[in-house]
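J.: Structure file work_0.pdb (PDB, C-alpha atoms) right here:
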```
ATOM      1  CA  MET Q   1       1.625 -10.447 -31.084
ATOM      2  CA  ALA Q   2       3.155 -10.543 -27.603
ATOM      3  CA  ARG Q   3       4.709  -7.125 -28.190
ATOM      4  CA  PRO Q   4       1.434  -5.056 -27.970
ATOM      5  CA  HIS Q   5       0.538  -6.790 -24.681
ATOM      6  CA  PHE Q   6       4.049  -6.116 -23.394
ATOM      7  CA  LEU Q   7       3.809  -2.446 -24.389
ATOM      8  CA  SER Q   8       0.392  -1.959 -22.779
ATOM      9  CA  THR Q   9       1.651  -3.625 -19.593
ATOM     10  CA  LEU Q  10       4.763  -1.461 -19.647
ATOM     11  CA  PHE Q  11       2.589   1.651 -20.159
ATOM     12  CA  ALA Q  12       0.345   0.695 -17.224
ATOM     13  CA  LEU Q  13       3.327   0.074 -14.952
ATOM     14  CA  THR Q  14       4.941   3.329 -16.012
ATOM     15  CA  ALA Q  15       1.730   5.283 -15.380
ATOM     16  CA  CYS Q  16       1.457   3.853 -11.884
ATOM     17  CA  ALA Q  17       5.166   4.209 -11.185
ATOM     18  CA  SER Q  18       5.106   7.849 -12.169
ATOM     19  CA  THR Q  19       2.480   8.465  -9.482
ATOM     20  CA  SER Q  20       3.874   6.091  -6.867
ATOM     21  CA  ALA Q  21       3.997   8.963  -4.382
ATOM     22  CA  PRO Q  22       0.202   9.021  -4.208
ATOM     23  CA  LEU Q  23      -0.131  11.618  -1.556
ATOM     24  CA  LEU Q  24       1.341  14.439  -3.588
ATOM     25  CA  ARG Q  25       4.106  15.945  -1.499
ATOM     26  CA  PRO Q  26       3.285  19.668  -1.556
ATOM     27  CA  ARG Q  27       5.818  22.394  -0.811
ATOM     28  CA  THR Q  28       5.047  24.385   2.315
ATOM     29  CA  GLU Q  29       5.302  27.698   0.476
ATOM     30  CA  ALA Q  30       2.711  26.501  -2.068
ATOM     31  CA  SER Q  31      -0.199  26.483   0.403
ATOM     32  CA  VAL Q  32      -3.043  28.949   0.935
ATOM     33  CA  PRO Q  33      -5.720  29.020   3.654
ATOM     34  CA  LEU Q  34      -9.232  27.985   2.659
ATOM     35  CA  PRO Q  35     -11.509  30.971   2.034
ATOM     36  CA  ALA Q  36     -13.715  31.857   5.026
ATOM     37  CA  GLY Q  37     -16.947  30.547   3.409
ATOM     38  CA  ASP Q  38     -15.491  27.260   2.103
ATOM     39  CA  ARG Q  39     -17.586  24.354   3.452
ATOM     40  CA  ARG Q  40     -14.522  22.095   3.547
ATOM     41  CA  ARG Q  41     -13.415  24.009   6.673
ATOM     42  CA  SER Q  42     -15.951  21.884   8.590
ATOM     43  CA  LEU Q  43     -13.872  18.783   7.765
ATOM     44  CA  ALA Q  44     -10.623  20.048   9.289
ATOM     45  CA  GLY Q  45      -9.468  17.885  12.163
ATOM     46  CA  LEU Q  46      -8.614  14.304  13.041
ATOM     47  CA  TRP Q  47     -10.837  11.461  11.788
ATOM     48  CA  ASN Q  48     -10.788   7.725  12.509
ATOM     49  CA  VAL Q  49     -11.171   5.961   9.138
ATOM     50  CA  ASN Q  50     -12.324   2.378   8.522
ATOM     51  CA  PHE Q  51     -12.294   0.350   5.293
ATOM     52  CA  ALA Q  52     -13.923  -3.095   4.889
ATOM     53  CA  ILE Q  53     -12.367  -5.490   2.374
ATOM     54  CA  ASP Q  54     -15.630  -6.692   0.758
ATOM     55  CA  SER Q  55     -14.553  -7.518  -2.830
ATOM     56  CA  VAL Q  56     -11.225  -8.242  -4.481
ATOM     57  CA  GLN Q  57     -10.325  -8.759  -8.094
ATOM     58  CA  ALA Q  58      -9.943 -12.400  -9.084
ATOM     59  CA  PRO Q  59      -7.366 -13.477 -11.672
ATOM     60  CA  LEU Q  60      -8.421 -12.253 -15.115
ATOM     61  CA  ALA Q  61     -10.978 -14.451 -16.893
ATOM     62  CA  GLY Q  62      -9.760 -14.046 -20.461
ATOM     63  CA  SER Q  63      -9.759 -10.291 -20.894
ATOM     64  CA  ARG Q  64     -12.376  -9.635 -18.182
ATOM     65  CA  ALA Q  65     -11.759  -8.501 -14.642
ATOM     66  CA  VAL Q  66     -14.010 -10.378 -12.206
ATOM     67  CA  MET Q  67     -14.646  -9.459  -8.591
ATOM     68  CA  GLN Q  68     -14.954 -12.072  -5.855
ATOM     69  CA  ALA Q  69     -15.923 -11.858  -2.196
ATOM     70  CA  GLY Q  70     -13.243 -10.397   0.027
ATOM     71  CA  SER Q  71     -12.326 -11.289   3.579
ATOM     72  CA  GLY Q  72     -14.746  -8.778   5.127
ATOM     73  CA  THR Q  73     -11.991  -7.675   7.499
ATOM     74  CA  TRP Q  74     -11.679  -4.038   8.484
ATOM     75  CA  VAL Q  75      -8.610  -1.867   8.117
ATOM     76  CA  THR Q  76      -8.488   1.132  10.446
ATOM     77  CA  GLY Q  77      -6.409   4.278  10.532
ATOM     78  CA  THR Q  78      -6.521   8.044  10.830
ATOM     79  CA  LEU Q  79      -7.053  10.964   8.499
ATOM     80  CA  GLN Q  80      -5.921  14.444   9.558
ATOM     81  CA  LEU Q  81      -7.419  17.110   7.282
ATOM     82  CA  THR Q  82      -6.253  20.729   7.503
ATOM     83  CA  ASP Q  83      -7.937  23.930   6.387
ATOM     84  CA  THR Q  84      -5.154  24.562   3.873
ATOM     85  CA  LEU Q  85      -5.460  24.319   0.096
ATOM     86  CA  VAL Q  86      -2.385  23.175  -1.764
ATOM     87  CA  VAL Q  87      -1.253  25.082  -4.841
ATOM     88  CA  ILE Q  88       0.605  23.150  -7.528
ATOM     89  CA  ARG Q  89       1.917  24.867 -10.650
ATOM     90  CA  GLY Q  90       0.164  28.065  -9.588
ATOM     91  CA  LEU Q  91      -3.330  26.514  -9.638
ATOM     92  CA  PRO Q  92      -5.244  25.865  -6.409
ATOM     93  CA  LEU Q  93      -6.409  22.265  -6.355
ATOM     94  CA  ALA Q  94      -9.466  20.933  -4.566
ATOM     95  CA  GLY Q  95      -6.966  19.178  -2.297
ATOM     96  CA  LEU Q  96      -6.351  19.799   1.344
ATOM     97  CA  ARG Q  97      -3.062  19.290   3.105
ATOM     98  CA  ALA Q  98      -3.558  16.021   4.977
ATOM     99  CA  THR Q  99      -1.927  13.144   6.810
ATOM    100  CA  VAL Q 100      -3.304   9.660   6.118
ATOM    101  CA  GLU Q 101      -2.139   6.768   8.297
ATOM    102  CA  VAL Q 102      -3.705   3.491   7.157
ATOM    103  CA  ASP Q 103      -2.066   0.179   6.231
ATOM    104  CA  PHE Q 104      -3.866  -2.441   4.128
ATOM    105  CA  THR Q 105      -1.102  -5.080   4.283
ATOM    106  CA  SER Q 106      -2.656  -6.959   7.208
ATOM    107  CA  SER Q 107      -5.797  -7.686   5.133
ATOM    108  CA  LEU Q 108      -4.582  -7.560   1.517
ATOM    109  CA  GLY Q 109      -0.999  -8.720   1.944
ATOM    110  CA  ARG Q 110       0.044  -5.449   0.251
ATOM    111  CA  GLN Q 111      -0.609  -1.728   0.419
ATOM    112  CA  VAL Q 112      -3.296  -0.227  -1.824
ATOM    113  CA  SER Q 113      -1.721   0.617  -5.200
ATOM    114  CA  CYS Q 114      -0.065   4.023  -5.629
ATOM    115  CA  PHE Q 115      -0.653   4.900  -1.979
ATOM    116  CA  THR Q 116       1.975   5.741   0.593
ATOM    117  CA  PRO Q 117       0.776   6.658   4.083
ATOM    118  CA  GLY Q 118       1.917   9.943   5.560
ATOM    119  CA  GLU Q 119       1.740  13.654   4.934
ATOM    120  CA  GLY Q 120       0.538  15.015   1.609
ATOM    121  CA  LEU Q 121      -2.625  15.983  -0.239
ATOM    122  CA  VAL Q 122      -6.154  14.548  -0.308
ATOM    123  CA  GLU Q 123      -8.557  15.859  -2.935
ATOM    124  CA  VAL Q 124     -11.815  16.727  -1.174
ATOM    125  CA  GLN Q 125     -15.151  17.369  -2.862
ATOM    126  CA  LEU Q 126     -17.935  18.275  -0.460
ATOM    127  CA  HIS Q 127     -21.465  18.304  -1.859
ATOM    128  CA  PRO Q 128     -24.607  19.118   0.197
ATOM    129  CA  SER Q 129     -24.776  15.666   1.791
ATOM    130  CA  ARG Q 130     -21.961  13.720   0.054
ATOM    131  CA  LEU Q 131     -18.210  13.718   0.544
ATOM    132  CA  GLN Q 132     -15.705  12.411  -2.010
ATOM    133  CA  LEU Q 133     -12.109  11.789  -0.951
ATOM    134  CA  LEU Q 134      -9.356  11.017  -3.449
ATOM    135  CA  PHE Q 135      -6.493   9.692  -1.341
ATOM    136  CA  THR Q 136      -4.210   9.457  -4.385
ATOM    137  CA  PRO Q 137      -4.944  12.593  -6.439
ATOM    138  CA  GLY Q 138      -3.221  12.723  -9.785
ATOM    139  CA  ALA Q 139      -2.762   8.937  -9.909
ATOM    140  CA  ALA Q 140      -3.969   7.323 -13.116
ATOM    141  CA  ASP Q 141      -5.272   3.748 -13.131
ATOM    142  CA  CYS Q 142      -4.227   3.121  -9.534
ATOM    143  CA  GLY Q 143      -4.800   4.461  -6.051
ATOM    144  CA  PHE Q 144      -7.961   4.704  -4.021
ATOM    145  CA  ALA Q 145     -10.960   6.878  -3.216
ATOM    146  CA  ALA Q 146     -13.955   6.927  -0.888
ATOM    147  CA  GLU Q 147     -17.399   8.494  -1.093
ATOM    148  CA  GLY Q 148     -20.115   8.689   1.497
ATOM    149  CA  SER Q 149     -23.025  10.476   3.121
ATOM    150  CA  VAL Q 150     -22.139  13.115   5.672
ATOM    151  CA  ARG Q 151     -24.093  12.912   8.927
ATOM    152  CA  GLY Q 152     -22.771  15.290  11.554
ATOM    153  CA  ASP Q 153     -19.339  14.100  12.601
ATOM    154  CA  SER Q 154     -19.460  10.868  10.591
ATOM    155  CA  VAL Q 155     -19.338   9.763   6.971
ATOM    156  CA  VAL Q 156     -20.654   6.384   5.762
ATOM    157  CA  GLY Q 157     -20.271   5.013   2.244
ATOM    158  CA  ALA Q 158     -18.025   2.963  -0.022
ATOM    159  CA  TRP Q 159     -14.399   2.945  -1.162
ATOM    160  CA  ASN Q 160     -12.491   1.361  -4.043
ATOM    161  CA  GLU Q 161      -8.973   0.787  -5.301
ATOM    162  CA  ALA Q 162      -8.688   1.769  -8.950
ATOM    163  CA  SER Q 163      -6.625  -0.179 -11.475
ATOM    164  CA  TYR Q 164      -5.986  -0.334 -15.192
ATOM    165  CA  VAL Q 165      -8.699  -3.001 -15.589
ATOM    166  CA  GLY Q 166     -11.321  -1.841 -13.080
ATOM    167  CA  HIS Q 167     -11.394  -1.966  -9.301
ATOM    168  CA  ARG Q 168      -8.845  -4.228  -7.588
ATOM    169  CA  THR Q 169     -10.519  -3.946  -4.204
ATOM    170  CA  ALA Q 170     -13.771  -2.400  -2.975
ATOM    171  CA  GLY Q 171     -15.847  -2.245   0.163
ATOM    172  CA  ARG Q 172     -17.663  -0.279   2.784
ATOM    173  CA  PHE Q 173     -16.164   2.795   4.389
ATOM    174  CA  PHE Q 174     -16.882   4.973   7.372
ATOM    175  CA  MET Q 175     -15.094   7.708   9.241
ATOM    176  CA  VAL Q 176     -15.836   9.370  12.564
ATOM    177  CA  ARG Q 177     -14.356  12.601  13.900
ATOM    178  CA  SER Q 178     -11.931  11.902  16.719
ATOM    179  CA  PRO Q 179     -12.880  13.576  20.009
TER     180      PRO Q 179
END
```
In structure tokens, how does this file's structure come out?
T.:
Amino acid sequence: MARPHFLSTLFALTACASTSAPLLRPRTEASVPLPAGDRRRSLAGLWNVNFAIDSVQAPLAGSRAVMQAGSGTWVTGTLQLTDTLVVIRGLPLAGLRATVEVDFTSSLGRQVSCFTPGEGLVEVQLHPSRLQLLFTPGAADCGFAAEGSVRGDSVVGAWNEASYVGHRTAGRFFMVRSP
């Protein structure tokens, strides 16, 4: 009976390992400018990003994932969004070329799963008053995302770190355009 558990664990580790370069590293020649009317153009620029560590996953209780209060500390960094779509395998993604510099190790004792800071791709979905950011596009059962309300040059909402058994970490999120 230990074998099925071993195989599912191995599958989960393999899925995360195969996407361990969370910011997809796009080729320069595989980029296209955003169309003139694309609303995501308004997001291009440098942003200060902030993530509160409000909840963390406790050790499993049987087969259930349970969240417990986090430290409440804030992790800060920067997000540089460009006005360039990245094309992978000939299909334009909803992702923008981006640079994300944020380090969770001071608060979590580790980096967020499947995330490596630096240059790459952030999937951006901009709705009339909501913004969704997938910092680890293409990652399955790991990585992290944020969603919030857009108010001028700021976004306020929530973020979470995905995992095979639910969210590993979650909290509040805000970002403000850098002057």
J.: Smallest atom-to-atom distance to Pro128 of chain Q: which of Q:Ser149, Q:Asp54, Q:Arg168, Q:Phe174, using only C-alpha atoms?
T.: Q:Ser149
J.: If we count all atoms listed in the file, what is near Ile53 of chain Q at a cut-off of 9 Å, once residues fewer than 6 positions away on the same chain are taken out, given as a list in words?
T.: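 Listed by chain and then number, they are Ala69, Gly70, Ser71, Gly72, Thr73, Trp74, Val75, Ser107, Leu108, Thr169, Ala170, Gly171 and Arg172 of chain Q.
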J.: For this structure, which residues satisfy the selection - the PyMOL selection byres ((chain Q and resi 143) around 6) - when it is evaluated on the file as given? I want them as a list of chain:residue names.
T.: Q:Ser113, Q:Cys114, Q:Phe115, Q:Thr136, Q:Cys142, Q:Phe144, Q:Glu161, Q:Ala162
J.: For Gln125 of chain Q, which residue among Q:Val176, Q:Leu43, Q:Val87, Q:Val66 is the nearest when counting all atoms listed in the file?
T.: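 Ranked by minimum distance to Gln125 of chain Q, first place goes to Q:Leu43.
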J.: Would you work out the distance separating atom CA of Leu121 of chain Q from atom CA of Ala146 of chain Q, expressed in Å to one decimal?
T.: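 Going from atom CA of Leu121 of chain Q over to atom CA of Ala146 of chain Q covers 14.5 Å.
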J.: What is the atom CA of Arg97 of chain Q to atom CA of Ser42 of chain Q distance in Å?
T.: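 One can read the atom CA of Arg97 of chain Q to atom CA of Ser42 of chain Q distance as 14.2 Å.
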J.: Which of these residues is nearest to Gly95 of chain Q, using all atoms listed in the file: Q:Ala58, Q:Val32, Q:Val155, Q:Met175?
T.: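 Ranked by minimum distance to Gly95 of chain Q, first place goes to Q:Val32.
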J.: Name the residues that the PyMOL selection byres ((chain Q and resi 130) around 7) picks from the file above, as an MDAnalysis selection string, using the file's chain letters and numbers.
T.: chainID Q and resid 126:129 131:132 148:150
J.: Between atom CA of Leu46 of chain Q and atom CA of Gln80 of chain Q, what is the distance, to one decimal in Å?
T.: 4.4 Å
J.: Box for segment 116-124 of chain Q - axis-aligned, 3 Å on each of the six sides, all listed atoms - centre and size in Å to one decimal, as AutoDock Vina command-line options.
T.:
```
--center_x -4.9 --center_y 11.2 --center_z 1.3 --size_x 19.8 --size_y 17.0 --size_z 14.5
```
J.: Run through the PyMOL selection byres ((chain Q and resi 79) around 10) on the given coordinates and return the selected residues as a ChimeraX atom specification.
T.: /Q:44-49,77-78,80-82,98-102,117-119,122,135,175-178
J.: For Glu123 of chain Q, list every protein, DNA or RNA residue within 7 Å, evaluated using all atoms listed in the file, and leave out those in the same chain fewer than 6 positions away; present the list as a ChimeraX atom specification.
T.: /Q:94-96,133-135,137
J.: Smallest atom-to-atom distance to Glu147 of chain Q: which of Q:Gln111, Q:Gly120, Q:Phe51, Q:Gly37, using all atoms listed in the file?
T.: Q:Phe51
J.: Could you rebuild segment 56-75 of chain Q with N, CA and C atoms and give me the result as a compact mmCIF listing (two decimals), in the coordinates of the input?
T.:
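Output contents, as saved in part-v7.txt:
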```txt
# COMPACT_ATOMS: atom_id res chain seq x y z
N VAL Q 56 -12.57 -8.34 -3.90
CA VAL Q 56 -11.22 -8.24 -4.48
C VAL Q 56 -11.27 -8.79 -5.89
N GLN Q 57 -10.36 -8.31 -6.71
CA GLN Q 57 -10.32 -8.76 -8.09
C GLN Q 57 -9.73 -10.15 -8.16
N ALA Q 58 -10.43 -11.05 -8.86
CA ALA Q 58 -9.94 -12.40 -9.08
C ALA Q 58 -8.96 -12.36 -10.26
N PRO Q 59 -8.20 -13.44 -10.47
CA PRO Q 59 -7.37 -13.48 -11.67
C PRO Q 59 -8.24 -13.23 -12.90
N LEU Q 60 -7.66 -12.58 -13.91
CA LEU Q 60 -8.42 -12.25 -15.12
C LEU Q 60 -9.03 -13.49 -15.74
N ALA Q 61 -10.28 -13.38 -16.17
CA ALA Q 61 -10.98 -14.45 -16.89
C ALA Q 61 -10.96 -14.05 -18.37
N GLY Q 62 -9.95 -14.50 -19.09
CA GLY Q 62 -9.76 -14.05 -20.46
C GLY Q 62 -9.31 -12.61 -20.41
N SER Q 63 -10.10 -11.71 -20.94
CA SER Q 63 -9.76 -10.29 -20.89
C SER Q 63 -10.66 -9.53 -19.92
N ARG Q 64 -11.44 -10.26 -19.11
CA ARG Q 64 -12.38 -9.64 -18.18
C ARG Q 64 -11.85 -9.66 -16.75
N ALA Q 65 -12.06 -8.56 -16.07
CA ALA Q 65 -11.76 -8.50 -14.64
C ALA Q 65 -13.01 -8.92 -13.88
N VAL Q 66 -12.88 -9.85 -12.96
CA VAL Q 66 -14.01 -10.38 -12.21
C VAL Q 66 -13.75 -10.14 -10.72
N MET Q 67 -14.78 -9.67 -10.03
CA MET Q 67 -14.65 -9.46 -8.59
C MET Q 67 -15.15 -10.69 -7.84
N GLN Q 68 -14.51 -10.98 -6.71
CA GLN Q 68 -14.95 -12.07 -5.86
C GLN Q 68 -15.05 -11.56 -4.42
N ALA Q 69 -15.74 -12.29 -3.58
CA ALA Q 69 -15.92 -11.86 -2.20
C ALA Q 69 -14.58 -11.70 -1.52
N GLY Q 70 -14.46 -10.65 -0.73
CA GLY Q 70 -13.24 -10.40 0.03
C GLY Q 70 -13.35 -11.00 1.41
N SER Q 71 -12.38 -10.71 2.24
CA SER Q 71 -12.33 -11.29 3.58
C SER Q 71 -13.34 -10.67 4.53
N GLY Q 72 -13.82 -9.46 4.23
CA GLY Q 72 -14.75 -8.78 5.13
C GLY Q 72 -14.05 -8.15 6.32
N THR Q 73 -12.72 -8.28 6.38
CA THR Q 73 -11.99 -7.68 7.50
C THR Q 73 -11.98 -6.16 7.36
N TRP Q 74 -11.74 -5.50 8.46
CA TRP Q 74 -11.68 -4.04 8.48
C TRP Q 74 -10.25 -3.57 8.68
N VAL Q 75 -9.90 -2.53 7.96
CA VAL Q 75 -8.61 -1.87 8.12
C VAL Q 75 -8.92 -0.50 8.71
```
